Every structure is written in C-alpha cells, then in structure tokens.
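**Q** Coordinates in entry.txt, compact mmCIF, C-alpha atoms, are listed below.
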# COMPACT_ATOMS: atom_id res chain seq x y z
CA MET A 1 11.45 -3.25 14.19
CA ASN A 2 10.40 -4.82 10.87
CA VAL A 3 6.88 -3.96 9.69
CA THR A 4 5.26 -5.72 6.76
CA TYR A 5 3.05 -3.54 4.57
CA ILE A 6 0.29 -4.58 2.19
CA SER A 7 -0.74 -2.52 -0.85
CA LEU A 8 -4.47 -1.97 -1.36
CA ASN A 9 -5.06 -2.34 -5.09
CA GLY A 10 -8.85 -2.15 -5.23
CA PHE A 11 -9.23 1.55 -6.04
CA VAL A 12 -10.24 2.53 -9.59
CA GLU A 13 -8.24 5.39 -11.14
CA ILE A 14 -7.55 6.92 -7.75
CA GLU A 15 -5.06 9.44 -9.13
CA LYS A 16 -7.81 10.90 -11.31
CA TYR A 17 -10.80 10.64 -8.97
CA ARG A 18 -9.30 10.76 -5.45
CA TYR A 19 -11.02 14.04 -4.49
CA PHE A 20 -14.34 12.93 -5.98
CA TYR A 21 -14.16 9.71 -3.93
CA PHE A 22 -13.14 11.59 -0.81
CA PHE A 23 -15.90 14.21 -0.96
CA MET A 24 -18.41 11.46 -1.74
CA MET A 25 -17.38 9.17 1.13
CA LEU A 26 -16.81 11.80 3.84
CA PRO A 27 -20.47 12.99 3.88
CA VAL A 28 -21.59 9.35 3.84
CA TYR A 29 -19.56 8.56 6.96
CA ILE A 30 -20.77 11.72 8.71
CA LEU A 31 -24.37 10.85 7.83
CA ILE A 32 -23.91 7.28 9.08
CA VAL A 33 -22.57 8.44 12.45
CA TRP A 34 -25.09 11.28 12.81
CA SER A 35 -28.22 9.28 11.83
CA ASN A 36 -27.36 6.23 13.91
CA CYS A 37 -26.31 8.27 16.96
CA THR A 38 -29.51 10.34 16.73
CA ILE A 39 -31.71 7.23 17.04
CA ILE A 40 -29.46 5.81 19.78
CA SER A 41 -29.71 9.07 21.74
CA LEU A 42 -33.50 9.10 21.47
CA ILE A 43 -33.68 5.55 22.81
CA VAL A 44 -31.36 6.40 25.71
CA ILE A 45 -33.11 9.65 26.63
CA HIS A 46 -36.78 8.66 26.43
CA LYS A 47 -38.02 6.21 29.06
CA ASN A 48 -40.89 4.90 26.91
CA LEU A 49 -38.21 3.54 24.56
CA HIS A 50 -36.49 1.57 27.33
CA GLU A 51 -38.11 -1.65 26.15
CA PRO A 52 -36.35 -4.77 24.82
CA MET A 53 -37.23 -4.05 21.18
CA TYR A 54 -35.74 -0.55 21.27
CA ILE A 55 -32.72 -1.66 23.30
CA PHE A 56 -31.95 -4.22 20.57
CA ILE A 57 -32.39 -1.54 17.91
CA ALA A 58 -29.92 0.68 19.79
CA GLY A 59 -27.49 -2.25 19.92
CA LEU A 60 -27.86 -2.78 16.18
CA LEU A 61 -27.19 0.89 15.46
CA VAL A 62 -24.16 0.95 17.77
CA ASN A 63 -22.92 -2.05 15.80
CA SER A 64 -23.34 -0.10 12.54
CA VAL A 65 -21.32 2.86 13.86
CA LEU A 66 -18.47 0.62 15.07
CA PHE A 67 -18.53 -1.36 11.80
CA SER A 68 -18.25 1.85 9.77
CA THR A 69 -15.56 3.37 12.01
CA ASN A 70 -13.42 0.31 11.39
CA ILE A 71 -13.40 1.13 7.66
CA TYR A 72 -14.11 4.78 6.83
CA PRO A 73 -11.30 6.69 8.65
CA LYS A 74 -8.61 4.50 7.04
CA LEU A 75 -10.43 4.58 3.70
CA LEU A 76 -10.65 8.38 3.71
CA THR A 77 -6.96 8.64 4.64
CA ASP A 78 -6.01 6.30 1.79
CA LEU A 79 -7.95 8.38 -0.73
CA LEU A 80 -5.69 11.37 -0.02
CA ALA A 81 -2.45 9.41 0.37
CA ASN A 82 0.17 8.89 -2.33
CA LYS A 83 0.29 5.18 -1.54
CA GLN A 84 -2.62 3.04 -0.36
CA ILE A 85 -0.91 0.73 2.12
CA ILE A 86 -1.66 -0.86 5.47
CA SER A 87 0.57 -2.78 7.89
CA TYR A 88 -0.06 -6.52 8.10
CA GLN A 89 -0.93 -6.27 11.81
CA ALA A 90 -3.43 -3.45 11.16
CA CYS A 91 -4.88 -5.45 8.28
CA LEU A 92 -5.47 -8.47 10.54
CA PHE A 93 -7.14 -6.20 13.11
CA GLN A 94 -9.39 -4.72 10.44
CA VAL A 95 -10.37 -8.21 9.28
CA PHE A 96 -11.13 -9.21 12.87
CA VAL A 97 -13.31 -6.17 13.55
CA PHE A 98 -15.03 -6.31 10.15
CA TYR A 99 -16.20 -9.91 10.44
CA SER A 100 -16.91 -9.72 14.16
CA PHE A 101 -19.38 -6.87 13.74
CA SER A 102 -20.74 -8.37 10.52
CA CYS A 103 -21.63 -11.59 12.34
CA SER A 104 -22.94 -9.62 15.33
CA GLU A 105 -25.46 -8.00 12.97
CA PHE A 106 -27.06 -11.38 12.28
CA LEU A 107 -27.17 -12.33 15.97
CA LEU A 108 -28.68 -8.96 16.92
CA LEU A 109 -31.34 -9.39 14.24
CA ALA A 110 -32.04 -12.90 15.56
CA ALA A 111 -32.46 -11.52 19.10
CA MET A 112 -34.79 -8.80 17.81
CA SER A 113 -36.94 -11.25 15.89
CA TYR A 114 -37.15 -13.50 18.96
CA ASP A 115 -38.29 -10.54 21.04
CA ARG A 116 -41.05 -9.71 18.50
CA TYR A 117 -42.06 -13.38 18.31
CA VAL A 118 -42.45 -13.63 22.09
CA SER A 119 -44.35 -10.33 22.34
CA ILE A 120 -46.89 -11.41 19.70
CA CYS A 121 -47.16 -15.17 20.24
CA LYS A 122 -46.67 -15.27 24.05
CA PRO A 123 -47.87 -11.86 25.32
CA LEU A 124 -48.77 -13.11 28.81
CA GLN A 125 -45.26 -14.50 29.34
CA TYR A 126 -43.41 -11.66 27.62
CA ALA A 127 -42.45 -9.74 30.78
CA ILE A 128 -41.08 -12.93 32.36
CA ILE A 129 -39.19 -14.19 29.31
CA MET A 130 -37.76 -10.86 28.16
CA ARG A 131 -36.51 -9.55 31.49
CA ARG A 132 -33.93 -6.75 31.46
CA THR A 133 -31.23 -9.26 32.51
CA VAL A 134 -32.09 -11.56 29.60
CA VAL A 135 -31.99 -8.65 27.16
CA PHE A 136 -28.49 -7.59 28.21
CA ILE A 137 -27.26 -11.20 28.19
CA LEU A 138 -28.50 -11.55 24.59
CA LEU A 139 -26.83 -8.26 23.68
CA GLY A 140 -23.56 -9.38 25.24
CA LEU A 141 -23.64 -12.76 23.50
CA ALA A 142 -24.35 -11.10 20.15
CA TRP A 143 -20.92 -9.42 20.38
CA ILE A 144 -18.92 -11.92 22.46
CA VAL A 145 -19.73 -15.07 20.44
CA PRO A 146 -18.55 -13.66 17.07
CA PHE A 147 -15.46 -12.13 18.69
CA CYS A 148 -14.45 -15.51 20.14
CA HIS A 149 -14.95 -17.29 16.82
CA ILE A 150 -13.22 -14.71 14.63
CA VAL A 151 -10.24 -14.25 16.96
CA ILE A 152 -9.42 -17.96 16.56
CA ILE A 153 -9.41 -17.59 12.77
CA VAL A 154 -7.42 -14.34 12.68
CA VAL A 155 -4.97 -14.81 15.56
CA GLY A 156 -4.78 -18.59 15.63
CA GLY A 157 -4.53 -19.04 11.88
CA ASN A 158 -3.89 -16.02 9.69
CA ALA A 159 -1.43 -14.25 12.02
CA ASN A 160 0.99 -17.19 11.79
CA SER A 161 0.66 -17.72 8.03
CA GLU A 162 3.44 -16.79 5.63
CA LEU A 163 2.72 -14.16 2.99
CA CYS A 164 3.70 -14.82 -0.63
CA SER A 165 2.05 -11.71 -2.04
CA PHE A 166 1.74 -8.17 -0.69
CA THR A 167 -0.93 -6.73 -3.00
CA LEU A 168 -4.55 -6.99 -1.86
CA ASN A 169 -7.33 -6.69 -4.43
CA GLY A 170 -9.54 -4.52 -2.26
CA ILE A 171 -9.94 -1.12 -0.65
CA PHE A 172 -9.82 -2.54 2.88
CA CYS A 173 -8.87 -5.86 4.44
CA ASN A 174 -11.41 -8.65 4.12
CA ASN A 175 -11.63 -12.20 2.72
CA SER A 176 -9.22 -11.26 -0.08
CA LEU A 177 -6.38 -11.46 2.46
CA ASN A 178 -6.52 -15.25 2.20
CA TYR A 179 -5.11 -15.11 -1.33
CA LEU A 180 -1.90 -13.51 -0.09
CA PHE A 181 -0.89 -16.54 1.97
CA CYS A 182 1.54 -19.10 0.62
CA ALA A 183 -0.62 -22.00 1.76
CA GLY A 184 -4.10 -22.35 3.22
CA SER A 185 -5.14 -24.41 6.22
CA LYS A 186 -7.88 -27.00 5.73
CA ALA A 187 -8.60 -27.07 9.46
CA LEU A 188 -8.97 -23.29 9.47
CA LEU A 189 -11.23 -23.44 6.41
CA ILE A 190 -13.49 -26.02 8.08
CA PHE A 191 -13.62 -23.97 11.27
CA GLY A 192 -14.48 -20.90 9.21
CA LEU A 193 -17.35 -22.71 7.52
CA VAL A 194 -18.67 -23.92 10.89
CA THR A 195 -18.41 -20.36 12.22
CA LEU A 196 -20.26 -19.04 9.17
CA PHE A 197 -23.09 -21.52 9.72
CA ASN A 198 -23.35 -20.98 13.48
CA ILE A 199 -23.31 -17.18 13.64
CA ALA A 200 -24.56 -16.09 10.23
CA ILE A 201 -26.60 -18.67 8.29
CA LEU A 202 -28.44 -20.26 11.24
CA PRO A 203 -29.45 -16.90 12.82
CA MET A 204 -30.41 -15.65 9.34
CA LEU A 205 -32.80 -18.57 8.86
CA GLU A 206 -34.24 -18.00 12.33
CA VAL A 207 -34.69 -14.28 11.67
CA ARG A 208 -36.35 -14.91 8.32
CA ARG A 209 -38.87 -17.33 9.82
CA LYS A 210 -39.81 -15.21 12.83
CA ALA A 211 -39.43 -11.76 11.28
CA ALA A 212 -41.77 -12.71 8.45
CA GLN A 213 -44.42 -13.35 11.09
CA THR A 214 -43.80 -10.26 13.20
CA CYS A 215 -41.94 -7.17 12.01
CA LEU A 216 -41.29 -5.87 8.49
CA PRO A 217 -38.27 -3.64 9.37
CA HIS A 218 -36.30 -6.67 10.63
CA LEU A 219 -36.98 -8.49 7.36
CA LEU A 220 -35.92 -5.48 5.27
CA VAL A 221 -32.66 -5.15 7.18
CA LEU A 222 -32.02 -8.89 6.93
CA ILE A 223 -32.56 -9.03 3.16
CA ASN A 224 -30.42 -5.93 2.64
CA TYR A 225 -27.52 -7.20 4.74
CA SER A 226 -27.69 -10.80 3.51
CA CYS A 227 -27.38 -9.75 -0.13
CA LEU A 228 -24.33 -7.62 0.61
CA MET A 229 -22.62 -10.29 2.71
CA ILE A 230 -23.18 -12.91 -0.01
CA TYR A 231 -20.87 -10.83 -2.17
CA ASP A 232 -18.12 -10.76 0.44
CA ILE A 233 -18.39 -14.36 1.60
CA ILE A 234 -19.05 -16.15 -1.68
CA ILE A 235 -18.00 -13.98 -4.62
CA ILE A 236 -14.59 -13.06 -3.18
CA ARG A 237 -13.90 -16.57 -1.87
CA LEU A 238 -14.65 -18.10 -5.28
CA GLU A 239 -12.49 -15.48 -7.04
CA SER A 240 -15.29 -14.72 -9.48
CA ASP A 241 -14.26 -13.08 -12.73
CA PHE A 242 -15.46 -9.58 -11.85
CA SER A 243 -13.85 -6.50 -13.29
CA LYS A 244 -11.96 -4.20 -10.94
CA THR A 245 -14.62 -1.51 -11.39
CA ALA A 246 -17.46 -3.93 -10.55
CA ARG A 247 -15.64 -5.12 -7.42
CA PHE A 248 -15.00 -1.52 -6.37
CA ILE A 249 -18.67 -0.52 -6.78
CA MET A 250 -19.98 -3.61 -4.98
CA THR A 251 -17.54 -3.09 -2.10
CA LEU A 252 -18.70 0.51 -1.70
CA GLN A 253 -22.31 -0.69 -1.65
CA MET A 254 -21.46 -3.23 1.05
CA ILE A 255 -20.01 -0.60 3.40
CA MET A 256 -22.55 2.13 2.61
CA TYR A 257 -26.03 0.66 2.30
CA ASN A 258 -26.64 -1.13 5.58
CA PRO A 259 -25.16 1.43 8.02
CA LEU A 260 -27.13 4.12 6.16
CA CYS A 261 -30.38 2.18 5.80
CA ASN A 262 -30.70 0.90 9.39
CA PRO A 263 -31.46 4.24 11.10
CA PHE A 264 -33.89 5.29 8.37
CA ILE A 265 -35.71 1.94 8.33
CA TYR A 266 -36.15 1.88 12.10
CA GLY A 267 -36.61 5.64 12.42
CA LEU A 268 -39.44 5.74 9.89
CA LYS A 269 -41.05 2.34 10.41
CA MET A 270 -41.07 2.16 14.22
CA THR A 271 -43.93 4.39 15.33
CA GLU A 272 -42.62 5.44 18.76
CA ILE A 273 -39.18 6.35 17.41
CA TYR A 274 -40.77 8.27 14.55
CA LYS A 275 -42.88 10.29 17.00
CA HIS A 276 -39.77 11.42 18.87
CA LEU A 277 -38.01 12.23 15.59
CA LYS A 278 -40.93 14.43 14.56
CA LYS A 279 -40.78 16.27 17.88
CA LEU A 280 -37.03 16.71 17.50
CA PHE A 281 -36.97 18.04 13.92
CA TRP A 282 -40.45 19.48 13.37
CA ALA A 283 -41.32 20.91 16.78
CA ASN A 284 -43.18 24.22 16.68
Before anything else, please render the file you have as structure tokens.
**A**
Amino acid sequence: MNVTYISLNGFVEIEKYRYFYFFMMLPVYILIVWSNCTIISLIVIHKNLHEPMYIFIAGLLVNSVLFSTNIYPKLLTDLLANKQIISYQACLFQVFVFYSFSCSEFLLLAAMSYDRYVSICKPLQYAIIMRRTVVFILLGLAWIVPFCHIVIIVVGGNANSELCSFTLNGIFCNNSLNYLFCAGSKALLIFGLVTLFNIAILPMLEVRRKAAQTCLPHLLVLINYSCLMIYDIIIIRLESDFSKTARFIMTLQMIMYNPLCNPFIYGLKMTEIYKHLKKLFWAN
C-alpha cells in the first residue's frame, strides 16, 4: 500500500535544540491538560456550578484539551525523531481537527456571551430562554457546525488534490498545506471564505458586542484567540515574508497561549470557580 509522506520543515535548528524544545513543550502540554481538566472536574462535581455559564466554560475547556491533543503528541514525537514527517492522510486529519476546534472556540464564546447577555438584560426570562435542553443544543451546534463545514473543505477538496511539493513550512499541518497542491480550487476558496465568515468572523463580532457589555473574561479570551488566529488565517495565506524563526515562534505562541490562558482566566476571574479552587488547593 503506497503512503505519501510530507516533511515538516518549520523547526529551527532541531538537531541542536531538540531536547530543549522537547523539555519545554512537554511540561506545557501536561500543564494544559491538568489545568483544563481541573476546572472541568470542579464544574462536573459541584452542583452549584451546573449552570449554563459554567457548562459553556467546561465545553470551552474540553475544546482546548482536544485542540492541544491534536498537536502536542505528534509534535513531541517529531522533536525526538530523526525525520519530521507525517503521512498525507494524517496531515489532512490534523488540518480537519485543528480548524474544526478552532472554529468551535468562536461559537462557544458566542454562546457564552449570549448566555451572559440574557442573564443581565432579560433576567426574568433567563430560566425559560436558557433551559438545559437549549444549552446542550448550543453546545452540540458549536462542534457539529464547524465539523460539517471543515469536512467539506478537507475531504471534498484537499483530499482529491494532487501534490506538487512534499515539504511543508510548518511544525504541524495547517493552512500551509495549500501551497503543496499543484492547483487551487476557486470554488473551494470561496467556500472557505464563506465558512470563515459564518463560523469565525460573525460569531467574533457578536461576542465582542455582547461580551463588552457583560463579562470581561469572555472578552479577554476572544482578544487573545483572535490575535493568534489572524496569524494563521491571514499571514500564512498571504505568504508574508517572515523569517523561519519568526514563523516558528508565532506558531508556538498560537498553540500555547490560548489553551494555557483559558483555565487561568476563568479559574481566577469567575468567583464561584475560584472559591472551589481555593478549597481544593488551600484547604486547612
């Protein structure tokens, strides 16, 4: 069975710094999983946190863990390997998961901001509007809608495209994969732009408007994530003249900052979660 492999050429002096990179990234991944899962566990265990706002926060943190798990295990393996390669099929899967969960982040933030907006602006109708059924429907849509959009792009378009290059300028599979194809599809590009608007830009605008009125943590997470995604969506697509080192550092920031920041932002800024954290770590 023929398997096509792609070389990952985004690492900087990996032969010299492989162990430094590895022992820097391994604790980061462990901290991401541990911090996010700690907040998720608190929300699951304590009944006073079984409210829509905290359920959405748990969903956002689950999203961060899955997003990171799509990247870090393969990244850590590559740091210790003699060759940094990935099969074309695995690369497509990584692209699918990466952009699905990235877009889900925006939709989850939009759902959270809507919940805060209703609780503050329509308190008498809050229990009716934000029923448990509605909350889980919004959670489901936040993952299903991006999956359906991205699978069309990856499976319907990229999977059938012919490769003319087998060297990817990155440390994992993302937008840079498009530059390996012999020819691009205008229809696929248009669909991608529509997808970007529907499940990233539009929710981002909605979050910004409502979060500014209601909850600071949502706004902090939005600004943090938006800045990082601008790099991936715009800078890479425009093939900006960045040095290899600058691309490497910015890519690391993109996969480190948000999954690390989310649990600390919500753990420290949300009073009820912070109370349970204090009892957990500073109990007499």
**Q** Between A:Thr271, A:Leu76, A:Ile71, A:Asn160, single out the one closest to Asn174 in chain A, counting all atoms listed in the file.
**A** A:Ile71
**Q** To one decimal place, how far is CA of Ala142 in chain A from CA of Tyr29 in chain A in Å?
**A**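 Value for the CA of Ala142 in chain A-CA of Tyr29 in chain A distance: 24.2 Å.
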**Q** Taking only C-alpha atoms into account, which of A:Val194, A:Leu75, A:Cys261, A:Ile55 comes nearest Leu42 in chain A?
**A**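 Closest to Leu42 in chain A of all the choices is A:Ile55.
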**Q** Might you pull out every residue within 12 Å of Lys278 in chain A, with all atoms listed in the file counted and same-chain residues fewer than 4 positions away left off, and present them as a PDB file with C-alpha atoms, in the coordinates of the input?
**A**
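Once written, selection05.pdb looks like this:
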ATOM      1  CA  ILE A  39     -31.710   7.230  17.040  1.00  0.00           C
ATOM      2  CA  LEU A  42     -33.500   9.100  21.470  1.00  0.00           C
ATOM      3  CA  GLY A 267     -36.610   5.640  12.420  1.00  0.00           C
ATOM      4  CA  LEU A 268     -39.440   5.740   9.890  1.00  0.00           C
ATOM      5  CA  THR A 271     -43.930   4.390  15.330  1.00  0.00           C
ATOM      6  CA  GLU A 272     -42.620   5.440  18.760  1.00  0.00           C
ATOM      7  CA  ILE A 273     -39.180   6.350  17.410  1.00  0.00           C
ATOM      8  CA  TYR A 274     -40.770   8.270  14.550  1.00  0.00           C
ATOM      9  CA  TRP A 282     -40.450  19.480  13.370  1.00  0.00           C
ATOM     10  CA  ALA A 283     -41.320  20.910  16.780  1.00  0.00           C
ATOM     11  CA  ASN A 284     -43.180  24.220  16.680  1.00  0.00           C
TER      12      ASN A 284
END
**Q** List as a VMD selection string the residues having at least one atom at most 6 Å from position (-23.5, 4.7, 4.2) as given in the file, counting all atoms listed in the file.
**A** chain A and resid 28 32 256 to 257 259 to 260
**Q** Every residue with an atom at most 8 Å from (-8.1, 0.1, -6.9) (file coordinates; only C-alpha atoms) is what I'm after, so could you write them as a short mmCIF file (atom, residue, chain, number, x, y, z; two decimals) with C-alpha atoms, in the frame of the given file?
**A**
data_model
loop_
_atom_site.label_atom_id
_atom_site.label_comp_id
_atom_site.auth_asym_id
_atom_site.auth_seq_id
_atom_site.Cartn_x
_atom_site.Cartn_y
_atom_site.Cartn_z
CA LEU A 8 -4.47 -1.97 -1.36
CA ASN A 9 -5.06 -2.34 -5.09
CA GLY A 10 -8.85 -2.15 -5.23
CA PHE A 11 -9.23 1.55 -6.04
CA VAL A 12 -10.24 2.53 -9.59
CA GLU A 13 -8.24 5.39 -11.14
CA ILE A 14 -7.55 6.92 -7.75
CA ASN A 169 -7.33 -6.69 -4.43
CA GLY A 170 -9.54 -4.52 -2.26
CA ILE A 171 -9.94 -1.12 -0.65
CA LYS A 244 -11.96 -4.20 -10.94
CA PHE A 248 -15.00 -1.52 -6.37
#
**Q** Grab the CA of Tyr266 in chain A to CA of Arg132 in chain A distance for me, in Å with one decimal place.
**A** 21.3 Å
**Q** Edge lengths and centre in Å to one decimal, as lines of an AutoDock Vina configuration file, of the axis-aligned box that encloses all listed atoms of range 162-177 of chain A with 5 Å added on every side?
**A**
center_x = -4.0
center_y = -9.0
center_z = 0.6
size_x = 25.3
size_y = 25.7
size_z = 20.1
**Q** Fewer than 3 positions away in the same chain doesn't count, so skip those; otherwise give me all residues within 10 Å of Leu66 in chain A, counting only C-alpha atoms, as a ChimeraX atom specification.
**A** /A:33,61-63,69-71,97-98,101,259
**Q** Add whatever atoms are absent from range 125-136 of chain A to reach all heavy atoms, and provide the output as a CSV table (one decimal), in the coordinates of the input.
**A**
chain,number,residue,atom,x,y,z
A,125,GLN,N,-46.5,-14.1,28.8
A,125,GLN,CA,-45.3,-14.5,29.3
A,125,GLN,C,-44.1,-13.6,29.0
A,125,GLN,O,-43.0,-13.8,29.4
A,125,GLN,CB,-44.9,-15.9,28.9
A,125,GLN,CG,-45.9,-17.0,29.3
A,125,GLN,CD,-45.6,-18.3,28.6
A,125,GLN,OE1,-45.9,-18.6,27.5
A,125,GLN,NE2,-44.9,-19.2,29.4
A,126,TYR,N,-44.5,-12.5,28.2
A,126,TYR,CA,-43.4,-11.7,27.6
A,126,TYR,C,-42.6,-11.0,28.7
A,126,TYR,O,-41.3,-11.0,28.6
A,126,TYR,CB,-44.1,-10.6,26.7
A,126,TYR,CG,-43.0,-9.6,26.1
A,126,TYR,CD1,-42.3,-10.0,25.1
A,126,TYR,CD2,-42.9,-8.3,26.7
A,126,TYR,CE1,-41.4,-9.1,24.5
A,126,TYR,CE2,-41.9,-7.5,26.1
A,126,TYR,CZ,-41.2,-7.9,25.0
A,126,TYR,OH,-40.3,-7.0,24.5
A,127,ALA,N,-43.2,-10.4,29.7
A,127,ALA,CA,-42.4,-9.7,30.8
A,127,ALA,C,-41.5,-10.7,31.5
A,127,ALA,O,-40.5,-10.3,32.0
A,127,ALA,CB,-43.4,-9.1,31.8
A,128,ILE,N,-41.9,-12.0,31.6
A,128,ILE,CA,-41.1,-12.9,32.4
A,128,ILE,C,-39.9,-13.4,31.5
A,128,ILE,O,-38.8,-13.5,31.9
A,128,ILE,CB,-41.9,-14.1,32.8
A,128,ILE,CG1,-43.0,-13.7,33.7
A,128,ILE,CG2,-41.0,-15.2,33.4
A,128,ILE,CD1,-44.0,-14.8,34.1
A,129,ILE,N,-40.2,-13.7,30.2
A,129,ILE,CA,-39.2,-14.2,29.3
A,129,ILE,C,-38.2,-13.1,29.0
A,129,ILE,O,-37.0,-13.4,29.0
A,129,ILE,CB,-39.8,-14.7,28.0
A,129,ILE,CG1,-40.7,-15.9,28.4
A,129,ILE,CG2,-38.8,-15.1,27.0
A,129,ILE,CD1,-41.5,-16.5,27.2
A,130,MET,N,-38.7,-11.9,28.6
A,130,MET,CA,-37.8,-10.9,28.2
A,130,MET,C,-37.5,-9.9,29.3
A,130,MET,O,-37.7,-8.7,29.2
A,130,MET,CB,-38.4,-10.1,26.9
A,130,MET,CG,-38.6,-11.0,25.7
A,130,MET,SD,-37.1,-11.8,25.2
A,130,MET,CE,-36.0,-10.5,24.7
A,131,ARG,N,-36.9,-10.4,30.4
A,131,ARG,CA,-36.5,-9.6,31.5
A,131,ARG,C,-35.3,-8.7,31.1
A,131,ARG,O,-34.6,-9.1,30.1
A,131,ARG,CB,-36.2,-10.4,32.7
A,131,ARG,CG,-37.3,-11.2,33.3
A,131,ARG,CD,-36.9,-11.9,34.6
A,131,ARG,NE,-35.7,-12.7,34.4
A,131,ARG,CZ,-35.7,-14.0,34.0
A,131,ARG,NH1,-36.8,-14.6,33.6
A,131,ARG,NH2,-34.6,-14.6,33.9
A,132,ARG,N,-35.1,-7.6,31.8
A,132,ARG,CA,-33.9,-6.8,31.5
A,132,ARG,C,-32.6,-7.5,31.5
A,132,ARG,O,-31.7,-7.3,30.6
A,132,ARG,CB,-33.9,-5.6,32.5
A,132,ARG,CG,-32.8,-4.5,32.2
A,132,ARG,CD,-33.1,-3.8,30.9
A,132,ARG,NE,-34.4,-3.1,30.9
A,132,ARG,CZ,-34.6,-1.9,31.3
A,132,ARG,NH1,-33.5,-1.2,31.7
A,132,ARG,NH2,-35.8,-1.3,31.2
A,133,THR,N,-32.5,-8.5,32.4
A,133,THR,CA,-31.2,-9.3,32.5
A,133,THR,C,-31.1,-10.1,31.3
A,133,THR,O,-30.0,-10.2,30.7
A,133,THR,CB,-31.3,-10.2,33.7
A,133,THR,OG1,-31.5,-9.4,34.9
A,133,THR,CG2,-30.0,-11.0,33.9
A,134,VAL,N,-32.1,-10.7,30.8
A,134,VAL,CA,-32.1,-11.6,29.6
A,134,VAL,C,-31.7,-10.7,28.4
A,134,VAL,O,-30.9,-11.2,27.5
A,134,VAL,CB,-33.5,-12.3,29.4
A,134,VAL,CG1,-33.5,-13.0,28.0
A,134,VAL,CG2,-33.8,-13.2,30.5
A,135,VAL,N,-32.3,-9.5,28.3
A,135,VAL,CA,-32.0,-8.6,27.2
A,135,VAL,C,-30.5,-8.3,27.1
A,135,VAL,O,-29.9,-8.4,26.0
A,135,VAL,CB,-32.8,-7.3,27.3
A,135,VAL,CG1,-32.4,-6.3,26.2
A,135,VAL,CG2,-34.3,-7.6,27.1
A,136,PHE,N,-29.9,-8.0,28.2
A,136,PHE,CA,-28.5,-7.6,28.2
A,136,PHE,C,-27.6,-8.8,28.0
A,136,PHE,O,-26.5,-8.7,27.5
A,136,PHE,CB,-28.1,-6.8,29.5
A,136,PHE,CG,-28.6,-5.4,29.5
A,136,PHE,CD1,-29.7,-5.0,30.3
A,136,PHE,CD2,-28.1,-4.5,28.6
A,136,PHE,CE1,-30.2,-3.7,30.3
A,136,PHE,CE2,-28.6,-3.2,28.6
A,136,PHE,CZ,-29.6,-2.8,29.4
